[in-house]
Structures are given as structure tokens and as C-alpha cells.
Amino acid sequence: MAIDPAIIGTEFPPTILTIDAGRLRFFAKSIGEKNPVYTDTEAAKAAGYTDLPVPPTFLFSIELEAPDPFAFAAAAGIDMRFVLHGEQTFTYHSTAVAGDVLTARPRITDVYSKKGGALEFLVKETAVTRADGSAVADLKSVIVVRNPGAGK
């Protein structure tokens with residue numbers, strides 16, 4: 001079943017998350033980050049941060065806090081059994097730190113297919129901002145949906 005391109009432009013409810021220092025330490029440890037700036041408040045302050053900075057790729061996890069983090073896939077009629085993670089990019093505008101209240105606003109920006117429809121791609125972009133509206137980052141995620149019925 002092809003993803004309907006009419007979904008392009010669909011915006012989903014924002015997710016708001018207060019960045020917790022303990023969560024940042026746990027995330028840094030889980031990705032194998034050894035730089036103490038991500039786990040030690042004094043090291044972070046000595047490096048010029050006001051608190052622990054958000055480790056690279058952490059912002060991806062904000063949307064996982066939503067009541068239904070895969071609502072975008074359901075809205076597109078995607079069967080999650082056939083989904084592959086295709087791409088994830090981050091464009092940073094400023095550094096978020098522990099204590100910041102961040103809002104992630106996702107929207108579908110593209111749908112396309114390859115290999116005669118055997119592979120479909122859904123592009124979701126998410127703007128992450130602070131409570132004051134200042135930009136933190138823009139995230140781009142591409143999921144690949146294998147279409148087992150294509151070519152039959």
C-alpha cells in the first residue's frame with residue numbers, strides 16, 4: 001500500500017520535555033560518552049556551559065516521550081513490521097542544557113518511493129525550541145517502508 005503524499009505538511013502535537021541532569025548522565029553513559037562535560041556539572045561549567053549540555057543525538061529521544069511516538073506512521077497507514085530506520089540528521093542552532101524546557105514540533109515534509117514502489121520513504125522534520133521560542137535544533141528522520149506487495 002503506497003503512502004499517500006497528501007500527508008505531506010501534516011503537523012503533529014508538540015512534545016514538551018524538561019531536560020533533567022540525571023537523564024543526560026544516563027544517556028551519555030549509554031552511548032559510551034567519556035567526556036566529563038556531559039556527566040560532571042563542574043566540568044561542564046569549567047567548559048563554559050551553565051549546566052550539563054545535551055549530548056549529541058539526545059534530542060531524538062524527546063519525541064519518544066509523546067503518548068504515541070509513532071502517530072506519524074499510523075497517520076500514514078504504515079505497517080511498522082515493514083519499517084527500517086533510513087536516516088537521521090541534526091542541525092544544531094544552540095546548545096541545550098539541563099534545566100531547559102524544550103518543545104519538539106514534528107511534521108511530515110516528504111513522501112517518495114524507489115524501486116518501482118518496493119521501497120517507500122517518509123521524511124519527518126522536527127523543530128526543537130526552548131520555552132522562549134529560541135531555536136535549539138532541526139531534526140530530520142527518514143523511515144523506509146518495505147512494500148512486500150510491490151512488483152507482484
# chains A, B, ... in the order shown; residues from 1 in each chain; ligands from 1
call {"tool": "residues_around", "arguments": {"residues": "Leu52 in chain A", "least_positions_apart": "2", "cutoff": "12 Å", "atoms": "only C-alpha atoms", "output": "PyMOL selection string"}}
result
chain A and resi 19-28+35-50+54-55+95-100
call {"tool": "write_last_selection", "arguments": {"atoms": "C-alpha atoms", "output": "JSON list (two decimals), in the first residue's frame"}}
result
[["chain", "number", "residue", "atom", "x", "y", "z"],
["A", 19, "ILE", "CA", 15.83, 18.33, 30.41],
["A", 20, "ASP", "CA", 16.93, 16.51, 33.56],
["A", 21, "ALA", "CA", 20.62, 16.27, 34.53],
["A", 22, "GLY", "CA", 20.24, 12.64, 35.66],
["A", 23, "ARG", "CA", 18.73, 11.70, 32.34],
["A", 24, "LEU", "CA", 21.60, 13.41, 30.49],
["A", 25, "ARG", "CA", 24.17, 11.49, 32.54],
["A", 26, "PHE", "CA", 22.39, 8.22, 31.85],
["A", 27, "PHE", "CA", 22.18, 8.96, 28.13],
["A", 28, "ALA", "CA", 25.88, 9.92, 27.96],
["A", 35, "ASN", "CA", 33.94, 13.44, 28.08],
["A", 36, "PRO", "CA", 33.18, 14.55, 31.68],
["A", 37, "VAL", "CA", 31.50, 17.70, 30.39],
["A", 38, "TYR", "CA", 28.40, 15.52, 29.80],
["A", 39, "THR", "CA", 28.35, 13.91, 33.24],
["A", 40, "ASP", "CA", 30.04, 16.30, 35.70],
["A", 41, "THR", "CA", 28.43, 19.68, 36.37],
["A", 42, "GLU", "CA", 31.72, 21.27, 37.44],
["A", 43, "ALA", "CA", 33.47, 20.08, 34.26],
["A", 44, "ALA", "CA", 30.56, 21.46, 32.21],
["A", 45, "LYS", "CA", 30.79, 24.84, 33.93],
["A", 46, "ALA", "CA", 34.58, 24.90, 33.53],
["A", 47, "ALA", "CA", 33.98, 24.35, 29.79],
["A", 48, "GLY", "CA", 31.68, 27.40, 29.66],
["A", 49, "TYR", "CA", 28.25, 25.77, 29.95],
["A", 50, "THR", "CA", 25.69, 26.87, 32.54],
["A", 54, "VAL", "CA", 22.72, 17.78, 25.97],
["A", 55, "PRO", "CA", 24.86, 15.01, 24.40],
["A", 95, "THR", "CA", 23.30, 24.07, 22.92],
["A", 96, "ALA", "CA", 20.58, 22.90, 25.27],
["A", 97, "VAL", "CA", 21.50, 22.21, 28.88],
["A", 98, "ALA", "CA", 19.97, 20.56, 31.94],
["A", 99, "GLY", "CA", 17.01, 22.59, 33.14],
["A", 100, "ASP", "CA", 15.97, 23.78, 29.69]]
call {"tool": "residues_around", "arguments": {"residues": "range 108-111 of chain A", "least_positions_apart": "6", "cutoff": "9 Å", "atoms": "only C-alpha atoms", "output": "count of residues only"}}
result
18
call {"tool": "residues_around", "arguments": {"residues": "Leu84 in chain A", "least_positions_apart": "6", "cutoff": "12 Å", "atoms": "only C-alpha atoms", "output": "PyMOL selection string"}}
result
chain A and resi 73+78+119-122+141-147
call {"tool": "write_last_selection", "arguments": {"atoms": "N, CA and C atoms", "output": "PDB file, in the first residue's frame"}}
result
ATOM      1  N   ALA A  73       3.413   7.485  11.821  1.00  0.00           N
ATOM      2  CA  ALA A  73       3.365   6.274  10.994  1.00  0.00           C
ATOM      3  C   ALA A  73       1.930   5.775  10.865  1.00  0.00           C
ATOM      4  N   ILE A  78       1.127   3.226   7.817  1.00  0.00           N
ATOM      5  CA  ILE A  78       2.330   2.391   7.711  1.00  0.00           C
ATOM      6  C   ILE A  78       2.250   1.216   8.682  1.00  0.00           C
ATOM      7  N   LEU A 119      10.137   0.172  -2.216  1.00  0.00           N
ATOM      8  CA  LEU A 119      10.601   0.910  -1.043  1.00  0.00           C
ATOM      9  C   LEU A 119       9.936   2.285  -1.042  1.00  0.00           C
ATOM     10  N   GLU A 120       9.322   2.618   0.076  1.00  0.00           N
ATOM     11  CA  GLU A 120       8.709   3.929   0.219  1.00  0.00           C
ATOM     12  C   GLU A 120       9.428   4.665   1.344  1.00  0.00           C
ATOM     13  N   PHE A 121       9.502   5.971   1.209  1.00  0.00           N
ATOM     14  CA  PHE A 121      10.241   6.790   2.162  1.00  0.00           C
ATOM     15  C   PHE A 121       9.333   7.875   2.707  1.00  0.00           C
ATOM     16  N   LEU A 122       9.384   8.055   4.016  1.00  0.00           N
ATOM     17  CA  LEU A 122       8.634   9.113   4.665  1.00  0.00           C
ATOM     18  C   LEU A 122       9.645   9.985   5.415  1.00  0.00           C
ATOM     19  N   SER A 141      14.310  12.935  10.051  1.00  0.00           N
ATOM     20  CA  SER A 141      14.290  11.484  10.140  1.00  0.00           C
ATOM     21  C   SER A 141      13.648  10.928   8.876  1.00  0.00           C
ATOM     22  N   VAL A 142      14.282   9.924   8.304  1.00  0.00           N
ATOM     23  CA  VAL A 142      13.721   9.263   7.132  1.00  0.00           C
ATOM     24  C   VAL A 142      13.490   7.800   7.496  1.00  0.00           C
ATOM     25  N   ILE A 143      12.246   7.364   7.337  1.00  0.00           N
ATOM     26  CA  ILE A 143      11.995   5.944   7.523  1.00  0.00           C
ATOM     27  C   ILE A 143      11.720   5.323   6.159  1.00  0.00           C
ATOM     28  N   VAL A 144      12.147   4.083   6.039  1.00  0.00           N
ATOM     29  CA  VAL A 144      11.972   3.321   4.810  1.00  0.00           C
ATOM     30  C   VAL A 144      10.932   2.245   5.098  1.00  0.00           C
ATOM     31  N   VAL A 145       9.968   2.135   4.208  1.00  0.00           N
ATOM     32  CA  VAL A 145       8.921   1.136   4.371  1.00  0.00           C
ATOM     33  C   VAL A 145       9.029   0.161   3.208  1.00  0.00           C
ATOM     34  N   ARG A 146       9.280  -1.089   3.562  1.00  0.00           N
ATOM     35  CA  ARG A 146       9.341  -2.129   2.538  1.00  0.00           C
ATOM     36  C   ARG A 146       7.917  -2.517   2.186  1.00  0.00           C
ATOM     37  N   ASN A 147       7.615  -2.519   0.910  1.00  0.00           N
ATOM     38  CA  ASN A 147       6.276  -2.844   0.424  1.00  0.00           C
ATOM     39  C   ASN A 147       6.310  -4.249  -0.163  1.00  0.00           C
TER      40      ASN A 147
END
call {"tool": "select_by_dssp", "arguments": {"residues": "range 102-135 of chain A", "states": "strand (DSSP E or B)", "output": "compact mmCIF listing (two decimals) with N, CA and C atoms, in the first residue's frame"}}
result
# COMPACT_ATOMS: atom_id res chain seq x y z
N LEU A 102 12.29 22.07 26.59
CA LEU A 102 12.33 22.00 25.13
C LEU A 102 11.01 21.50 24.57
N THR A 103 10.68 22.02 23.40
CA THR A 103 9.48 21.60 22.69
C THR A 103 9.89 21.08 21.32
N ALA A 104 9.42 19.87 20.99
CA ALA A 104 9.66 19.27 19.68
C ALA A 104 8.37 19.33 18.88
N ARG A 105 8.45 19.92 17.67
CA ARG A 105 7.27 20.05 16.81
C ARG A 105 7.52 19.31 15.50
N PRO A 106 6.97 18.09 15.38
CA PRO A 106 7.20 17.28 14.17
C PRO A 106 6.19 17.55 13.06
N ARG A 107 6.66 17.38 11.82
CA ARG A 107 5.77 17.47 10.66
C ARG A 107 6.34 16.61 9.53
N ILE A 108 5.45 16.11 8.71
CA ILE A 108 5.85 15.31 7.55
C ILE A 108 6.20 16.27 6.42
N THR A 109 7.40 16.11 5.84
CA THR A 109 7.83 17.03 4.79
C THR A 109 7.98 16.39 3.41
N ASP A 110 8.00 15.07 3.35
CA ASP A 110 8.13 14.45 2.03
C ASP A 110 7.74 12.98 2.10
N VAL A 111 7.31 12.47 0.97
CA VAL A 111 7.00 11.06 0.76
C VAL A 111 7.44 10.75 -0.66
N TYR A 112 8.18 9.67 -0.83
CA TYR A 112 8.58 9.26 -2.17
C TYR A 112 8.85 7.77 -2.19
N SER A 113 8.98 7.20 -3.39
CA SER A 113 9.25 5.76 -3.49
C SER A 113 10.39 5.52 -4.45
N LYS A 114 10.96 4.33 -4.33
CA LYS A 114 12.04 3.86 -5.21
C LYS A 114 11.80 2.39 -5.52
N LEU A 119 10.14 0.17 -2.22
CA LEU A 119 10.60 0.91 -1.04
C LEU A 119 9.94 2.28 -1.04
N GLU A 120 9.32 2.62 0.08
CA GLU A 120 8.71 3.93 0.22
C GLU A 120 9.43 4.67 1.34
N PHE A 121 9.50 5.97 1.21
CA PHE A 121 10.24 6.79 2.16
C PHE A 121 9.33 7.88 2.71
N LEU A 122 9.38 8.05 4.02
CA LEU A 122 8.63 9.11 4.66
C LEU A 122 9.65 9.99 5.41
N VAL A 123 9.60 11.28 5.15
CA VAL A 123 10.53 12.23 5.76
C VAL A 123 9.78 13.06 6.79
N LYS A 124 10.30 13.04 8.03
CA LYS A 124 9.72 13.81 9.12
C LYS A 124 10.78 14.78 9.63
N GLU A 125 10.40 16.05 9.72
CA GLU A 125 11.30 17.06 10.25
C GLU A 125 10.71 17.58 11.55
N THR A 126 11.58 17.82 12.51
CA THR A 126 11.15 18.26 13.84
C THR A 126 11.96 19.48 14.25
N ALA A 127 11.27 20.55 14.58
CA ALA A 127 11.92 21.75 15.11
C ALA A 127 11.92 21.64 16.63
N VAL A 128 13.09 21.84 17.23
CA VAL A 128 13.22 21.81 18.69
C VAL A 128 13.56 23.22 19.16
N THR A 129 12.73 23.73 20.06
CA THR A 129 12.91 25.08 20.57
C THR A 129 12.86 25.09 22.09
N ARG A 130 13.37 26.17 22.67
CA ARG A 130 13.25 26.39 24.12
C ARG A 130 11.89 27.02 24.40
N ALA A 135 15.58 28.79 18.84
CA ALA A 135 15.87 27.52 18.16
C ALA A 135 17.01 26.78 18.81
call {"tool": "atom_distance", "arguments": {"atom1": "CA of Ala131 in chain A", "atom2": "CA of Val101 in chain A"}}
result
5.6 Å
call {"tool": "atom_distance", "arguments": {"atom1": "CA of Ser30 in chain A", "atom2": "CA of Pro67 in chain A"}}
result
23.5 Å
call {"tool": "closest_residue", "arguments": {"among": "A:Pro14, A:Leu64, A:Ala118, A:Lys29", "to": "Phe82 in chain A", "atoms": "only C-alpha atoms"}}
result
A:Ala118
call {"tool": "closest_residue", "arguments": {"among": "A:Thr91, A:Pro148, A:Lys34, A:Ala66", "to": "Gly116 in chain A", "atoms": "only C-alpha atoms"}}
result
A:Pro148
call {"tool": "atom_distance", "arguments": {"atom1": "CA of Met80 in chain A", "atom2": "CA of Gly32 in chain A"}}
result
28.8 Å
call {"tool": "select_by_dssp", "arguments": {"residues": "chain A", "states": "helix (DSSP H, G or I)", "output": "PyMOL selection string"}}
result
chain A and resi 5-7+21-30+36-38+41-46+58-65+71-75+80-82+115-117
call {"tool": "write_last_selection", "arguments": {"atoms": "C-alpha atoms", "output": "PDB file, in the first residue's frame"}}
result
ATOM      1  CA  PRO A   5       1.514  12.049  -0.452  1.00  0.00           C
ATOM      2  CA  ALA A   6      -1.425  14.077   0.911  1.00  0.00           C
ATOM      3  CA  ILE A   7       0.167  13.517   4.326  1.00  0.00           C
ATOM      4  CA  ALA A  21      20.618  16.265  34.526  1.00  0.00           C
ATOM      5  CA  GLY A  22      20.242  12.644  35.659  1.00  0.00           C
ATOM      6  CA  ARG A  23      18.728  11.702  32.344  1.00  0.00           C
ATOM      7  CA  LEU A  24      21.595  13.415  30.487  1.00  0.00           C
ATOM      8  CA  ARG A  25      24.174  11.495  32.542  1.00  0.00           C
ATOM      9  CA  PHE A  26      22.386   8.218  31.852  1.00  0.00           C
ATOM     10  CA  PHE A  27      22.178   8.962  28.127  1.00  0.00           C
ATOM     11  CA  ALA A  28      25.876   9.920  27.964  1.00  0.00           C
ATOM     12  CA  LYS A  29      26.816   6.694  29.717  1.00  0.00           C
ATOM     13  CA  SER A  30      24.574   4.610  27.441  1.00  0.00           C
ATOM     14  CA  PRO A  36      33.179  14.555  31.681  1.00  0.00           C
ATOM     15  CA  VAL A  37      31.496  17.704  30.387  1.00  0.00           C
ATOM     16  CA  TYR A  38      28.404  15.515  29.797  1.00  0.00           C
ATOM     17  CA  THR A  41      28.434  19.675  36.369  1.00  0.00           C
ATOM     18  CA  GLU A  42      31.721  21.274  37.442  1.00  0.00           C
ATOM     19  CA  ALA A  43      33.470  20.076  34.263  1.00  0.00           C
ATOM     20  CA  ALA A  44      30.564  21.457  32.212  1.00  0.00           C
ATOM     21  CA  LYS A  45      30.786  24.841  33.932  1.00  0.00           C
ATOM     22  CA  ALA A  46      34.576  24.903  33.529  1.00  0.00           C
ATOM     23  CA  PHE A  58      19.819  13.089  22.671  1.00  0.00           C
ATOM     24  CA  LEU A  59      17.229  15.356  21.048  1.00  0.00           C
ATOM     25  CA  PHE A  60      15.978  12.399  19.017  1.00  0.00           C
ATOM     26  CA  SER A  61      14.557  10.965  22.244  1.00  0.00           C
ATOM     27  CA  ILE A  62      12.254  13.905  23.009  1.00  0.00           C
ATOM     28  CA  GLU A  63       9.538  12.694  20.646  1.00  0.00           C
ATOM     29  CA  LEU A  64       9.636   9.274  22.287  1.00  0.00           C
ATOM     30  CA  GLU A  65       8.025  10.962  25.311  1.00  0.00           C
ATOM     31  CA  ALA A  71       1.442   8.532  15.497  1.00  0.00           C
ATOM     32  CA  PHE A  72       3.013   9.841  12.288  1.00  0.00           C
ATOM     33  CA  ALA A  73       3.365   6.274  10.994  1.00  0.00           C
ATOM     34  CA  ALA A  74      -0.204   5.380  11.921  1.00  0.00           C
ATOM     35  CA  ALA A  75      -1.452   8.558  10.206  1.00  0.00           C
ATOM     36  CA  MET A  80       5.506  -0.955  11.472  1.00  0.00           C
ATOM     37  CA  ARG A  81       6.526  -4.548  10.707  1.00  0.00           C
ATOM     38  CA  PHE A  82       7.975  -3.292   7.423  1.00  0.00           C
ATOM     39  CA  LYS A 115      12.469   0.517  -6.931  1.00  0.00           C
ATOM     40  CA  GLY A 116       9.024   0.647  -8.518  1.00  0.00           C
ATOM     41  CA  GLY A 117       7.299   1.191  -5.181  1.00  0.00           C
TER      42      GLY A 117
END
call {"tool": "closest_residue", "arguments": {"among": "A:Asp132, A:Thr57, A:Pro13, A:Phe90", "to": "Phe70 in chain A", "atoms": "only C-alpha atoms"}}
result
A:Pro13
call {"tool": "decode", "arguments": {"residues": "range 135-149 of chain A", "atoms": "N, CA and C atoms", "output": "mmCIF file, in the first residue's frame"}}
result
data_model
loop_
_atom_site.group_PDB
_atom_site.id
_atom_site.type_symbol
_atom_site.label_atom_id
_atom_site.label_comp_id
_atom_site.auth_asym_id
_atom_site.auth_seq_id
_atom_site.Cartn_x
_atom_site.Cartn_y
_atom_site.Cartn_z
ATOM 1 N N ALA A 135 15.579 28.785 18.837
ATOM 2 C CA ALA A 135 15.868 27.523 18.157
ATOM 3 C C ALA A 135 17.014 26.776 18.813
ATOM 4 N N VAL A 136 16.814 25.488 19.006
ATOM 5 C CA VAL A 136 17.861 24.612 19.518
ATOM 6 C C VAL A 136 18.402 23.761 18.374
ATOM 7 N N ALA A 137 17.501 23.082 17.647
ATOM 8 C CA ALA A 137 17.948 22.204 16.561
ATOM 9 C C ALA A 137 16.790 21.876 15.630
ATOM 10 N N ASP A 138 17.154 21.453 14.433
ATOM 11 C CA ASP A 138 16.204 20.890 13.479
ATOM 12 C C ASP A 138 16.633 19.448 13.237
ATOM 13 N N LEU A 139 15.699 18.535 13.407
ATOM 14 C CA LEU A 139 15.962 17.118 13.225
ATOM 15 C C LEU A 139 15.268 16.644 11.954
ATOM 16 N N LYS A 140 15.903 15.722 11.280
ATOM 17 C CA LYS A 140 15.298 15.121 10.085
ATOM 18 C C LYS A 140 15.437 13.615 10.218
ATOM 19 N N SER A 141 14.310 12.935 10.051
ATOM 20 C CA SER A 141 14.290 11.484 10.140
ATOM 21 C C SER A 141 13.648 10.928 8.876
ATOM 22 N N VAL A 142 14.282 9.924 8.304
ATOM 23 C CA VAL A 142 13.721 9.263 7.132
ATOM 24 C C VAL A 142 13.490 7.800 7.496
ATOM 25 N N ILE A 143 12.246 7.364 7.337
ATOM 26 C CA ILE A 143 11.995 5.944 7.523
ATOM 27 C C ILE A 143 11.720 5.323 6.159
ATOM 28 N N VAL A 144 12.147 4.083 6.039
ATOM 29 C CA VAL A 144 11.972 3.321 4.810
ATOM 30 C C VAL A 144 10.932 2.245 5.098
ATOM 31 N N VAL A 145 9.968 2.135 4.208
ATOM 32 C CA VAL A 145 8.921 1.136 4.371
ATOM 33 C C VAL A 145 9.029 0.161 3.208
ATOM 34 N N ARG A 146 9.280 -1.089 3.562
ATOM 35 C CA ARG A 146 9.341 -2.129 2.538
ATOM 36 C C ARG A 146 7.917 -2.517 2.186
ATOM 37 N N ASN A 147 7.615 -2.519 0.910
ATOM 38 C CA ASN A 147 6.276 -2.844 0.424
ATOM 39 C C ASN A 147 6.310 -4.249 -0.163
ATOM 40 N N PRO A 148 5.923 -5.259 0.653
ATOM 41 C CA PRO A 148 6.021 -6.646 0.163
ATOM 42 C C PRO A 148 5.113 -6.950 -1.013
ATOM 43 N N GLY A 149 4.101 -6.120 -1.231
ATOM 44 C CA GLY A 149 3.176 -6.370 -2.342
ATOM 45 C C GLY A 149 3.618 -5.752 -3.662
#
